[in-house]
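Trainee: Data file target-v4.cif (mmCIF, C-alpha atoms) is appended below.
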```
data_protein
#
loop_
_atom_site.label_atom_id
_atom_site.label_comp_id
_atom_site.auth_asym_id
_atom_site.auth_seq_id
_atom_site.Cartn_x
_atom_site.Cartn_y
_atom_site.Cartn_z
CA MET A 1 -0.02 24.37 -30.74
CA SER A 2 -3.27 22.70 -31.81
CA GLU A 3 -6.28 22.31 -29.52
CA GLY A 4 -6.19 19.34 -27.18
CA VAL A 5 -2.40 18.97 -27.35
CA ASP A 6 0.34 19.73 -24.84
CA THR A 7 3.97 19.43 -25.84
CA MET A 8 6.19 17.43 -23.50
CA GLY A 9 9.63 17.92 -24.99
CA LEU A 10 11.66 16.58 -27.85
CA ASP A 11 12.13 13.06 -26.50
CA THR A 12 8.44 12.24 -26.08
CA PRO A 13 5.39 12.79 -28.28
CA PRO A 14 2.93 15.53 -27.30
CA TRP A 15 0.29 14.68 -24.73
CA LEU A 16 -3.31 14.42 -25.90
CA ALA A 17 -5.30 16.73 -23.60
CA VAL A 18 -8.66 14.95 -23.78
CA ASP A 19 -10.56 17.35 -21.50
CA ARG A 20 -9.46 20.33 -23.57
CA LEU A 21 -10.68 18.52 -26.69
CA LEU A 22 -14.08 17.83 -25.10
CA ASP A 23 -14.49 21.30 -23.60
CA ASP A 24 -13.79 23.24 -26.81
CA PRO A 25 -17.22 24.36 -28.14
CA GLY A 26 -15.72 24.55 -31.61
CA ASN A 27 -15.37 20.77 -31.65
CA ARG A 28 -18.70 19.37 -32.87
CA ILE A 29 -17.75 15.90 -34.12
CA ILE A 30 -15.27 13.36 -32.70
CA VAL A 31 -14.71 10.22 -34.76
CA CYS A 32 -13.15 7.22 -32.99
CA CYS A 33 -11.52 4.99 -35.56
CA GLY A 34 -9.09 2.10 -35.61
CA ALA A 35 -8.83 -1.62 -36.17
CA GLY A 36 -11.38 -4.01 -34.68
CA GLY A 37 -11.09 -5.10 -31.07
CA VAL A 38 -9.03 -2.16 -29.79
CA GLY A 39 -11.71 -0.57 -27.60
CA LYS A 40 -13.29 1.99 -29.93
CA THR A 41 -16.79 1.49 -28.54
CA THR A 42 -15.67 1.80 -24.94
CA THR A 43 -13.58 4.86 -25.78
CA ALA A 44 -16.49 6.55 -27.58
CA ALA A 45 -18.88 5.83 -24.71
CA ALA A 46 -16.40 7.03 -22.07
CA LEU A 47 -15.83 10.25 -24.03
CA GLY A 48 -19.59 10.79 -24.24
CA VAL A 49 -20.07 10.32 -20.49
CA ARG A 50 -17.18 12.64 -19.66
CA ALA A 51 -18.32 15.30 -22.14
CA ALA A 52 -21.87 15.31 -20.72
CA GLU A 53 -20.55 15.62 -17.19
CA ARG A 54 -18.47 18.59 -18.30
CA GLY A 55 -21.52 20.39 -19.67
CA ARG A 56 -21.77 19.25 -23.29
CA LYS A 57 -24.95 17.99 -24.98
CA ALA A 58 -23.49 14.90 -26.53
CA VAL A 59 -24.76 11.96 -28.56
CA VAL A 60 -22.81 8.74 -29.13
CA LEU A 61 -23.43 6.88 -32.38
CA THR A 62 -22.19 3.31 -32.15
CA ILE A 63 -22.08 0.60 -34.77
CA ASP A 64 -21.19 -2.15 -32.31
CA PRO A 65 -23.23 -5.33 -32.93
CA ALA A 66 -22.41 -6.71 -29.47
CA ARG A 67 -24.64 -4.03 -27.87
CA ARG A 68 -22.21 -3.57 -25.01
CA LEU A 69 -22.72 0.19 -25.12
CA ALA A 70 -26.38 -0.09 -24.17
CA GLN A 71 -25.60 -2.43 -21.29
CA SER A 72 -22.84 -0.24 -19.91
CA MET A 73 -25.11 2.81 -20.01
CA GLY A 74 -27.99 1.08 -18.28
CA ILE A 75 -30.24 1.13 -21.35
CA ASP A 76 -32.26 -1.96 -22.25
CA SER A 77 -31.50 -1.58 -25.94
CA LEU A 78 -30.28 0.93 -28.50
CA ASP A 79 -31.79 1.51 -31.92
CA ASN A 80 -31.78 4.05 -34.72
CA THR A 81 -33.29 6.73 -32.45
CA PRO A 82 -31.10 8.57 -29.90
CA ARG A 83 -32.07 7.70 -26.32
CA GLU A 84 -31.14 9.74 -23.26
CA VAL A 85 -28.81 8.13 -20.74
CA VAL A 86 -30.30 8.72 -17.29
CA GLY A 87 -28.01 9.85 -14.49
CA VAL A 88 -25.35 11.38 -16.73
CA GLY A 89 -24.74 15.09 -17.16
CA ALA A 90 -23.87 18.23 -15.22
CA ASP A 91 -24.11 22.00 -15.79
CA GLY A 92 -26.72 21.49 -18.50
CA GLY A 93 -24.89 18.59 -20.10
CA GLN A 94 -26.79 15.59 -21.47
CA LEU A 95 -25.91 12.30 -23.07
CA HIS A 96 -27.87 10.43 -25.70
CA ALA A 97 -26.85 7.17 -27.32
CA MET A 98 -27.95 5.23 -30.37
CA MET A 99 -26.87 2.23 -32.39
CA LEU A 100 -26.90 2.38 -36.16
CA ASP A 101 -29.63 0.32 -37.79
CA MET A 102 -28.12 -0.03 -41.24
CA LYS A 103 -31.30 -1.15 -43.02
CA ARG A 104 -33.54 1.35 -41.26
CA THR A 105 -31.19 4.20 -42.22
CA PHE A 106 -31.24 3.07 -45.85
CA ASP A 107 -35.05 2.90 -45.71
CA GLU A 108 -35.17 6.46 -44.35
CA ILE A 109 -33.08 7.68 -47.30
CA VAL A 110 -35.44 6.02 -49.77
CA GLU A 111 -38.53 7.39 -48.01
CA ALA A 112 -37.05 10.89 -47.92
CA HIS A 113 -35.98 11.03 -51.57
CA ALA A 114 -38.65 9.08 -53.45
CA ASP A 115 -42.40 9.56 -53.81
CA GLY A 116 -44.69 7.18 -51.93
CA GLU A 117 -45.37 4.68 -54.73
CA ARG A 118 -41.76 4.48 -55.87
CA ALA A 119 -40.51 4.23 -52.28
CA ARG A 120 -42.83 1.27 -51.60
CA ALA A 121 -41.63 -0.44 -54.78
CA ILE A 122 -37.99 0.00 -53.77
CA LEU A 123 -38.51 -1.17 -50.19
CA ALA A 124 -40.31 -4.31 -51.39
CA ASN A 125 -37.67 -5.17 -53.99
CA PRO A 126 -35.71 -8.35 -53.04
CA PHE A 127 -32.41 -6.99 -54.35
CA TYR A 128 -32.82 -3.78 -52.35
CA GLN A 129 -33.54 -5.80 -49.21
CA SER A 130 -30.29 -7.73 -49.68
CA LEU A 131 -28.34 -4.58 -50.52
CA SER A 132 -29.62 -2.63 -47.52
CA ALA A 133 -29.00 -5.50 -45.11
CA GLY A 134 -25.52 -6.64 -45.98
CA PHE A 135 -23.89 -5.24 -49.11
CA ALA A 136 -20.15 -4.67 -48.65
CA GLY A 137 -19.58 -1.09 -47.59
CA THR A 138 -23.23 -0.37 -46.80
CA GLN A 139 -22.64 -0.18 -43.04
CA GLU A 140 -19.85 2.36 -43.41
CA TYR A 141 -21.90 4.40 -45.90
CA MET A 142 -24.93 4.41 -43.59
CA ALA A 143 -22.74 5.48 -40.68
CA MET A 144 -21.78 8.50 -42.81
CA GLU A 145 -25.44 9.12 -43.67
CA LYS A 146 -26.51 8.96 -40.03
CA LEU A 147 -23.70 11.30 -39.02
CA GLY A 148 -24.92 13.80 -41.62
CA GLN A 149 -28.50 13.49 -40.32
CA LEU A 150 -27.46 14.05 -36.70
CA ARG A 151 -25.36 17.08 -37.61
CA ALA A 152 -28.20 18.58 -39.64
CA ARG A 153 -30.62 18.29 -36.69
CA ASP A 154 -28.35 20.44 -34.52
CA ASP A 155 -29.87 18.98 -31.31
CA TRP A 156 -26.44 18.22 -29.88
CA ASP A 157 -23.29 20.27 -29.67
CA LEU A 158 -21.05 17.19 -29.77
CA ILE A 159 -21.44 14.02 -31.84
CA ILE A 160 -19.14 11.10 -31.02
CA VAL A 161 -18.95 8.39 -33.68
CA ASP A 162 -17.82 4.83 -33.03
CA THR A 163 -16.83 3.59 -36.47
CA PRO A 164 -17.83 0.11 -37.71
CA PRO A 165 -15.80 -2.93 -36.60
CA SER A 166 -14.29 -3.36 -40.06
CA ARG A 167 -11.41 -5.58 -41.05
CA SER A 168 -9.49 -2.41 -41.83
CA ALA A 169 -9.86 1.01 -40.22
CA LEU A 170 -9.59 2.54 -43.69
CA ASP A 171 -12.92 1.00 -44.69
CA PHE A 172 -14.76 3.84 -42.93
CA LEU A 173 -13.25 6.34 -45.36
CA ASP A 174 -13.19 4.11 -48.44
CA ALA A 175 -16.53 2.28 -48.37
CA PRO A 176 -18.86 5.29 -48.80
CA LYS A 177 -17.03 6.29 -51.95
CA ARG A 178 -17.07 2.71 -53.20
CA LEU A 179 -20.81 2.38 -52.64
CA GLY A 180 -21.47 5.77 -54.21
CA SER A 181 -19.36 4.80 -57.22
CA PHE A 182 -21.17 1.49 -57.50
CA LEU A 183 -24.62 3.07 -57.43
CA ASP A 184 -23.55 5.75 -59.89
CA GLY A 185 -21.21 3.65 -62.00
CA LYS A 186 -21.09 2.03 -65.41
CA PHE A 187 -22.33 -1.33 -64.16
CA ILE A 188 -25.57 0.21 -62.89
CA ARG A 189 -25.98 2.21 -66.09
CA VAL A 190 -25.69 -0.96 -68.15
CA LEU A 191 -28.39 -2.57 -66.02
CA MET A 192 -30.52 0.54 -66.44
CA ALA A 193 -30.35 0.28 -70.24
CA PRO A 194 -33.03 -2.42 -70.72
CA ALA A 195 -35.49 -0.54 -68.53
CA LYS A 196 -34.87 2.66 -70.44
CA VAL A 197 -35.15 1.02 -73.86
CA GLY A 198 -38.06 -1.17 -72.74
CA GLY A 199 -39.49 -4.62 -73.44
CA ARG A 200 -37.90 -7.20 -75.70
CA ALA A 201 -35.96 -4.55 -77.54
CA GLY A 202 -34.27 -3.66 -74.31
CA MET A 203 -33.36 -7.24 -73.56
CA LYS A 204 -32.13 -7.67 -77.11
CA PHE A 205 -29.94 -4.62 -76.71
CA LEU A 206 -28.54 -5.99 -73.47
CA ASN A 207 -27.96 -9.47 -74.88
CA VAL A 208 -26.31 -8.23 -78.05
CA GLY A 209 -24.22 -5.49 -76.46
CA MET A 210 -23.16 -7.33 -73.31
CA SER A 211 -23.63 -11.02 -74.10
CA MET A 212 -20.55 -12.20 -72.22
CA MET A 213 -21.36 -10.17 -69.12
CA THR A 214 -25.01 -11.17 -68.97
CA GLY A 215 -24.08 -14.81 -69.46
CA THR A 216 -21.84 -14.57 -66.42
CA LEU A 217 -24.48 -12.63 -64.47
CA SER A 218 -27.12 -15.23 -65.28
CA LYS A 219 -24.88 -17.96 -63.92
CA LEU A 220 -23.95 -16.02 -60.80
CA MET A 221 -27.23 -14.29 -60.09
CA GLY A 222 -29.88 -16.28 -61.88
CA ALA A 223 -32.53 -14.83 -64.17
CA SER A 224 -34.86 -13.96 -61.30
CA LEU A 225 -32.23 -11.99 -59.38
CA LEU A 226 -31.11 -10.22 -62.53
CA LYS A 227 -34.69 -9.09 -63.07
CA ASP A 228 -34.89 -7.88 -59.44
CA VAL A 229 -31.71 -5.89 -59.95
CA GLN A 230 -33.02 -4.28 -63.12
CA THR A 231 -36.32 -3.42 -61.41
CA PHE A 232 -34.42 -1.96 -58.46
CA VAL A 233 -32.18 0.10 -60.74
CA ALA A 234 -35.14 1.45 -62.67
CA ALA A 235 -36.90 2.52 -59.46
CA MET A 236 -33.73 4.05 -57.98
CA ASP A 237 -32.73 5.85 -61.18
CA THR A 238 -33.48 9.35 -59.88
CA MET A 239 -31.73 8.70 -56.55
CA PHE A 240 -28.32 7.49 -57.67
CA GLY A 241 -26.78 10.92 -57.96
CA GLY A 242 -27.96 11.74 -54.45
CA PHE A 243 -25.92 8.95 -52.91
CA ARG A 244 -22.69 10.34 -54.26
CA THR A 245 -23.70 13.92 -53.44
CA ARG A 246 -24.42 13.06 -49.82
CA ALA A 247 -21.27 10.97 -49.53
CA ASP A 248 -19.23 13.91 -50.82
CA ALA A 249 -21.01 16.31 -48.44
CA THR A 250 -20.32 14.11 -45.40
CA PHE A 251 -16.74 13.64 -46.52
CA GLN A 252 -16.35 17.41 -46.61
CA LEU A 253 -17.93 17.60 -43.15
CA LEU A 254 -15.21 15.26 -41.88
CA GLN A 255 -12.58 17.57 -43.35
CA ALA A 256 -14.09 20.75 -41.93
CA PRO A 257 -13.03 22.60 -38.77
CA GLY A 258 -14.97 21.29 -35.79
CA THR A 259 -14.27 17.63 -36.61
CA ALA A 260 -11.56 15.70 -34.76
CA PHE A 261 -10.38 12.17 -35.39
CA LEU A 262 -9.12 10.00 -32.57
CA VAL A 263 -7.25 6.91 -33.73
CA VAL A 264 -7.72 4.15 -31.16
CA ALA A 265 -5.21 1.31 -30.90
CA ALA A 266 -3.85 -1.29 -28.53
CA PRO A 267 -0.08 -1.42 -27.85
CA GLU A 268 0.32 -4.32 -30.26
CA PRO A 269 2.17 -4.40 -33.59
CA ASP A 270 -0.84 -5.08 -35.85
CA ALA A 271 -3.06 -2.48 -34.19
CA LEU A 272 -0.40 0.23 -34.25
CA ARG A 273 0.52 -0.62 -37.83
CA GLU A 274 -3.13 -0.11 -38.75
CA ALA A 275 -3.13 3.13 -36.75
CA ALA A 276 -0.07 4.36 -38.65
CA TYR A 277 -1.82 3.68 -41.99
CA PHE A 278 -4.86 5.59 -40.81
CA VAL A 279 -2.80 8.55 -39.58
CA GLU A 280 -1.13 8.77 -42.97
CA ARG A 281 -4.47 8.50 -44.78
CA LEU A 282 -6.03 11.26 -42.67
CA ALA A 283 -3.10 13.51 -43.47
CA ALA A 284 -3.43 12.75 -47.18
CA GLU A 285 -7.18 13.54 -47.10
CA GLY A 286 -6.65 16.75 -45.12
CA MET A 287 -8.72 15.48 -42.18
CA PRO A 288 -8.04 16.82 -38.67
CA LEU A 289 -6.32 14.31 -36.41
CA ALA A 290 -6.58 15.05 -32.68
CA GLY A 291 -4.32 12.21 -31.61
CA LEU A 292 -3.89 8.57 -30.69
CA VAL A 293 -5.64 6.80 -27.82
CA LEU A 294 -3.50 3.87 -26.77
CA ASN A 295 -5.74 1.48 -24.86
CA ARG A 296 -4.99 -1.26 -22.33
CA VAL A 297 -1.44 -0.18 -21.58
CA HIS A 298 0.19 -2.26 -18.86
CA GLY A 299 2.23 -0.84 -16.03
CA SER A 300 3.79 -1.86 -12.72
CA GLY A 301 4.20 -0.18 -9.36
CA ALA A 302 7.51 -2.00 -8.96
CA ASP A 303 9.10 -1.20 -12.29
CA GLN A 304 12.46 -0.54 -10.61
CA LEU A 305 12.80 -4.33 -10.33
CA SER A 306 13.75 -5.56 -13.80
CA ALA A 307 12.57 -8.82 -15.32
CA GLU A 308 16.12 -10.19 -15.25
CA ARG A 309 16.62 -9.49 -11.55
CA ALA A 310 13.18 -10.90 -10.70
CA LEU A 311 13.91 -14.15 -12.57
CA ALA A 312 17.32 -14.48 -10.92
CA ALA A 313 15.78 -14.02 -7.47
CA ALA A 314 13.05 -16.59 -8.24
CA GLU A 315 15.67 -19.12 -9.34
CA ASN A 316 17.70 -18.58 -6.17
CA LEU A 317 14.64 -19.17 -3.98
CA GLU A 318 13.63 -22.29 -5.90
CA GLU A 319 17.14 -23.78 -5.73
CA ARG A 320 17.32 -23.21 -1.96
CA ARG A 321 13.85 -24.74 -1.50
CA ILE A 322 14.88 -27.90 -3.37
CA VAL A 323 17.95 -28.35 -1.11
CA ASP A 324 15.94 -27.73 2.07
CA GLN A 325 13.22 -30.17 1.02
CA GLU A 326 15.73 -32.97 0.38
CA SER A 327 17.49 -32.56 3.76
CA GLY A 328 14.24 -32.18 5.65
CA LYS A 329 12.60 -35.27 4.20
CA ALA A 330 15.53 -37.58 4.84
CA GLY A 331 14.90 -37.87 8.59
CA LEU A 332 11.22 -38.53 8.08
CA ARG A 333 11.92 -41.32 5.65
CA ASP A 334 14.35 -42.96 8.11
CA SER A 335 11.86 -42.76 10.97
CA ALA A 336 9.01 -44.27 9.02
CA ALA A 337 11.00 -47.01 7.33
CA GLY A 338 10.72 -49.47 10.24
CA SER A 339 13.31 -51.98 11.35
CA PRO A 340 15.55 -53.33 8.65
CA GLU A 341 14.91 -56.83 9.91
CA THR A 342 11.14 -56.81 9.57
CA GLY A 343 10.86 -54.30 6.73
CA SER A 344 7.72 -52.91 8.40
CA PRO A 345 7.16 -49.76 10.49
CA SER A 346 8.13 -50.12 14.14
CA THR A 347 5.59 -48.53 16.45
CA GLU A 348 7.91 -48.83 19.40
CA GLY A 349 10.77 -47.03 17.67
CA LEU A 350 8.43 -44.36 16.30
CA THR A 351 6.98 -43.77 19.79
CA ALA A 352 10.45 -43.41 21.23
CA ASP A 353 11.43 -40.90 18.54
CA VAL A 354 8.29 -38.86 19.19
CA ASP A 355 8.97 -38.88 22.94
CA GLU A 356 12.43 -37.46 22.34
CA ILE A 357 11.21 -34.58 20.10
CA THR A 358 11.11 -31.37 22.07
CA LEU A 359 8.71 -28.45 21.62
CA ASP A 360 11.56 -26.34 20.22
CA GLU A 361 12.23 -28.93 17.52
CA ILE A 362 8.55 -28.97 16.51
CA THR A 363 8.52 -25.20 16.28
CA LEU A 364 11.73 -25.27 14.23
CA ASN A 365 10.28 -27.77 11.77
CA GLU A 366 7.07 -25.76 11.39
CA THR A 367 9.11 -22.63 10.76
CA ALA A 368 11.13 -24.42 8.09
CA LEU A 369 7.95 -25.62 6.38
CA ASN A 370 6.44 -22.13 6.54
CA GLU A 371 9.58 -20.61 5.08
CA THR A 372 9.50 -23.15 2.25
CA ALA A 373 5.90 -22.23 1.42
CA VAL A 374 6.69 -18.51 1.56
CA ASP A 375 9.69 -19.03 -0.72
CA ALA A 376 7.52 -20.89 -3.23
CA ILE A 377 4.89 -18.14 -3.26
CA THR A 378 7.54 -15.42 -3.50
CA ALA A 379 9.25 -17.18 -6.41
CA GLY A 380 5.93 -17.45 -8.22
CA LEU A 381 5.20 -13.75 -7.68
CA LEU A 382 8.67 -12.84 -8.91
CA ARG A 383 8.09 -14.83 -12.08
CA LEU A 384 4.71 -13.12 -12.62
CA HIS A 385 6.41 -9.75 -12.15
CA ALA A 386 9.08 -10.73 -14.68
CA GLU A 387 6.39 -11.62 -17.20
CA ARG A 388 4.64 -8.27 -16.59
CA MET A 389 7.90 -6.37 -17.06
CA GLN A 390 8.54 -8.24 -20.31
CA VAL A 391 5.04 -7.27 -21.54
CA ILE A 392 5.69 -3.65 -20.59
CA ALA A 393 9.01 -3.64 -22.42
CA ARG A 394 7.44 -5.19 -25.52
CA GLU A 395 4.62 -2.63 -25.51
CA GLN A 396 7.14 0.19 -25.08
CA ARG A 397 9.17 -0.98 -28.08
CA THR A 398 5.99 -1.14 -30.18
CA ARG A 399 4.95 2.37 -29.11
CA ASP A 400 8.43 3.70 -29.77
CA ARG A 401 8.30 2.43 -33.35
CA PHE A 402 5.01 4.26 -33.91
CA THR A 403 6.15 7.51 -32.30
CA SER A 404 9.43 7.48 -34.19
CA LEU A 405 7.43 7.42 -37.44
CA HIS A 406 4.82 9.95 -36.25
CA PRO A 407 6.42 12.13 -33.55
CA GLU A 408 3.84 14.86 -34.17
CA VAL A 409 0.86 12.71 -33.12
CA ALA A 410 -0.43 13.50 -29.62
CA VAL A 411 -0.87 10.39 -27.46
CA ALA A 412 -3.00 9.46 -24.46
CA ALA A 413 -1.99 6.11 -22.97
CA VAL A 414 -4.88 4.51 -21.06
CA ALA A 415 -3.90 2.10 -18.32
CA ALA A 416 -5.56 -1.30 -18.52
CA LEU A 417 -8.43 -1.96 -16.12
CA PRO A 418 -8.45 -5.21 -14.13
CA GLY A 419 -11.79 -6.26 -15.68
CA ASP A 420 -14.29 -5.49 -18.46
CA VAL A 421 -16.30 -2.27 -18.49
CA HIS A 422 -19.99 -3.07 -17.97
CA ASP A 423 -21.52 0.01 -16.31
CA LEU A 424 -21.37 3.79 -16.01
CA ALA A 425 -18.83 3.58 -13.20
CA GLY A 426 -16.49 1.70 -15.53
CA LEU A 427 -17.01 4.27 -18.29
CA ARG A 428 -16.25 7.08 -15.85
CA ALA A 429 -13.06 5.26 -14.82
CA ILE A 430 -12.01 5.00 -18.47
CA GLY A 431 -12.79 8.70 -18.94
CA GLU A 432 -10.57 9.61 -16.01
CA ARG A 433 -7.75 7.49 -17.40
CA LEU A 434 -8.19 9.10 -20.82
CA ALA A 435 -7.93 12.55 -19.28
CA ALA A 436 -4.87 11.58 -17.26
CA GLY A 437 -3.24 9.62 -20.10
CA VAL A 438 0.51 10.00 -20.39
CA PRO A 439 2.38 10.05 -23.70
CA ALA A 440 3.92 6.90 -25.03
CA GLY A 441 7.60 6.81 -24.16
CA ALA A 442 7.16 8.81 -20.97
#
```
So, in terms of structure tokens, how does the structure I just supplied come out?
Mentor:
Amino acid sequence: MSEGVDTMGLDTPPWLAVDRLLDDPGNRIIVCCGAGGVGKTTTAAALGVRAAERGRKAVVLTIDPARRLAQSMGIDSLDNTPREVVGVGADGGQLHAMMLDMKRTFDEIVEAHADGERARAILANPFYQSLSAGFAGTQEYMAMEKLGQLRARDDWDLIIVDTPPSRSALDFLDAPKRLGSFLDGKFIRVLMAPAKVGGRAGMKFLNVGMSMMTGTLSKLMGASLLKDVQTFVAAMDTMFGGFRTRADATFQLLQAPGTAFLVVAAPEPDALREAAYFVERLAAEGMPLAGLVLNRVHGSGADQLSAERALAAAENLEERRIVDQESGKAGLRDSAAGSPETGSPSTEGLTADVDEITLDEITLNETALNETAVDAITAGLLRLHAERMQVIAREQRTRDRFTSLHPEVAVAAVAALPGDVHDLAGLRAIGERLAAGVPAGA
């Protein structure tokens, strides 16, 4: 049996024992990954809070642009430097948090691996500024770089990574290799050729050898941008191999013992389909999967009442209320209609009717009206319950499809909270639900 997993029998997937995962000193890195919008940031923060309060020195690295992590931890802002979260920790445990600054991390790499003059030239280059701020895959690559930096410092015994909110969860594994290949690839080497040959001869070589490509580049990039790219490539020449080397080293770190991946998903078809792809990819890459965190799972304290029975009961109440309303209103209409001769309300007749109404009759009418209101409210609640039971059934079918494909994956199902998490109390509540999570299908 692997760490952090309890088996529950053949009919249900194993249970993800979150506290055991956090308490194991051999676990040094936990990576929370999954599709966007499934609660990765909240999960990572809740794990960090719970780990610190169980004695670990933890740091949470988030790549969440909404900055919700800082707000929930009571920090004014997060940046590229880990900041301690006050009021969290027990038995020597501490929690630090930081948010990846993609450009600043790229700048740190340049400053660390280039001499002063060359580093200043690179940092001032317009193409580098665009690349470091928003090139496809740069965020994922820099997340890898920052993870490597944090692990090398050895200031924390647990690093929890909230992966970027990418279109696909696989981007976290794919993008660093893509960026490394780009910076060390044939395209860059072609752009390096003019700088290496030099002057007009270099441009002649480029124009003669790659006339079609440069014509396209000139149209797409413009002559000025092409020059910026060539200047950037010339300045970065000695660093290109380092990008791939560091990407490979961090990739190996993710494969090594002491790293655990948690795939985070919501009980929805698209999210669990993405989770299934990621589980299969981790297995193919030989990366250690701890389990699946299934967020925002709905439940009911009255699940013995099925949706069908609830709807039938609501319909019965509504049909009875319609009949009662029609019979009850008939007398009122007759009393208020007035004399048929005048066609106007008769005060005398109305007064006589009121005089004849006894206290018991008034009480009876009030009771009937109260019962009608109660029936209406009850019918509405029954319909809400039916909708909740239908949601629960749909989520269960979706989970069952995932677990039938991956019965070996440990699962922690986290019950949905009534509201958003916006403070440490909310993160603690999520942590408790993670620790108490039950397997899908149970």
Trainee: Segment 95-110 of chain A: which residues within 9 Å, counting only C-alpha atoms, same-chain residues fewer than 4 positions away excluded, as a PyMOL selection string?
Mentor: chain A and resi 45+48-49+51-53+56-65+67+69-70+73+77-86+88-89+114-115+118-120+122-123+129+131-134+138-143+145-146+156+236+239
Trainee: Work out how far apart atom CA of Leu381 of chain A and atom CA of Leu311 of chain A are and give it in Å to one decimal.
Mentor: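 Here the two named atoms are 10.0 Å from each other.
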Trainee: Could you jot down the atom CA of Arg433 of chain A to atom CA of Val414 of chain A separation for me, Å, one decimal place?
Mentor: 5.5 Å
Trainee: Please, what distance in Å, to one decimal, runs between atom CA of Leu150 of chain A and atom CA of Arg246 of chain A?
Mentor: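 Atom-to-atom, atom CA of Leu150 of chain A to atom CA of Arg246 of chain A, that is 13.5 Å.
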Trainee: Nearest to Thr403 of chain A among A:Ala112, A:Val279, A:Val31, A:Ala247, with distances taken over all atoms listed in the file: which residue is it?
Mentor: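 Comparing A:Ala112, A:Val279, A:Val31, A:Ala247 against Thr403 of chain A, the winner is A:Val279.
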Trainee: Pull the neighbourhood of (-9.6, 2.8, -15.3) for me: all residues within 10 Å in file coordinates, counting all atoms listed in the file, as a PyMOL selection string.
Mentor: chain A and resi 296+414-419+421+425-434
Trainee: Do a neighbour search on Ser300 of chain A at 9 Å with only C-alpha atoms, toss out local chain neighbours closer than 4 positions, and write the hits as a PyMOL selection string.
Mentor: chain A and resi 385+388-389+392
Trainee: Nearest to His422 of chain A among A:Thr41, A:Tyr277, A:Pro164, A:Asn27, with distances taken over all atoms listed in the file: which residue is it?
Mentor: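 Checking each of A:Thr41, A:Tyr277, A:Pro164, A:Asn27 against His422 of chain A, counting all atoms listed in the file, the winner is A:Thr41.
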Trainee: Written as a list in words, which residues does the PyMOL selection byres ((chain A and resi 379) around 10) give for the file shown?
Mentor: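 What the PyMOL selection byres ((chain A and resi 379) around 10) grabs from the file is Ala310, Leu311, Ala312, Ala313, Ala314, Glu315, Asn316, Leu317, Glu318, Ala373, Val374, Asp375, Ala376, Ile377, Thr378, Gly380, Leu381, Leu382, Arg383, Leu384 and His385 of chain A.
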Trainee: Of the candidates A:Asn295, A:Ser404, A:Thr163, A:Gln94, which one gets nearest to Phe261 of chain A if we count all atoms listed in the file?
Mentor: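 Of the candidates, the smallest distance to Phe261 of chain A is held by A:Thr163.
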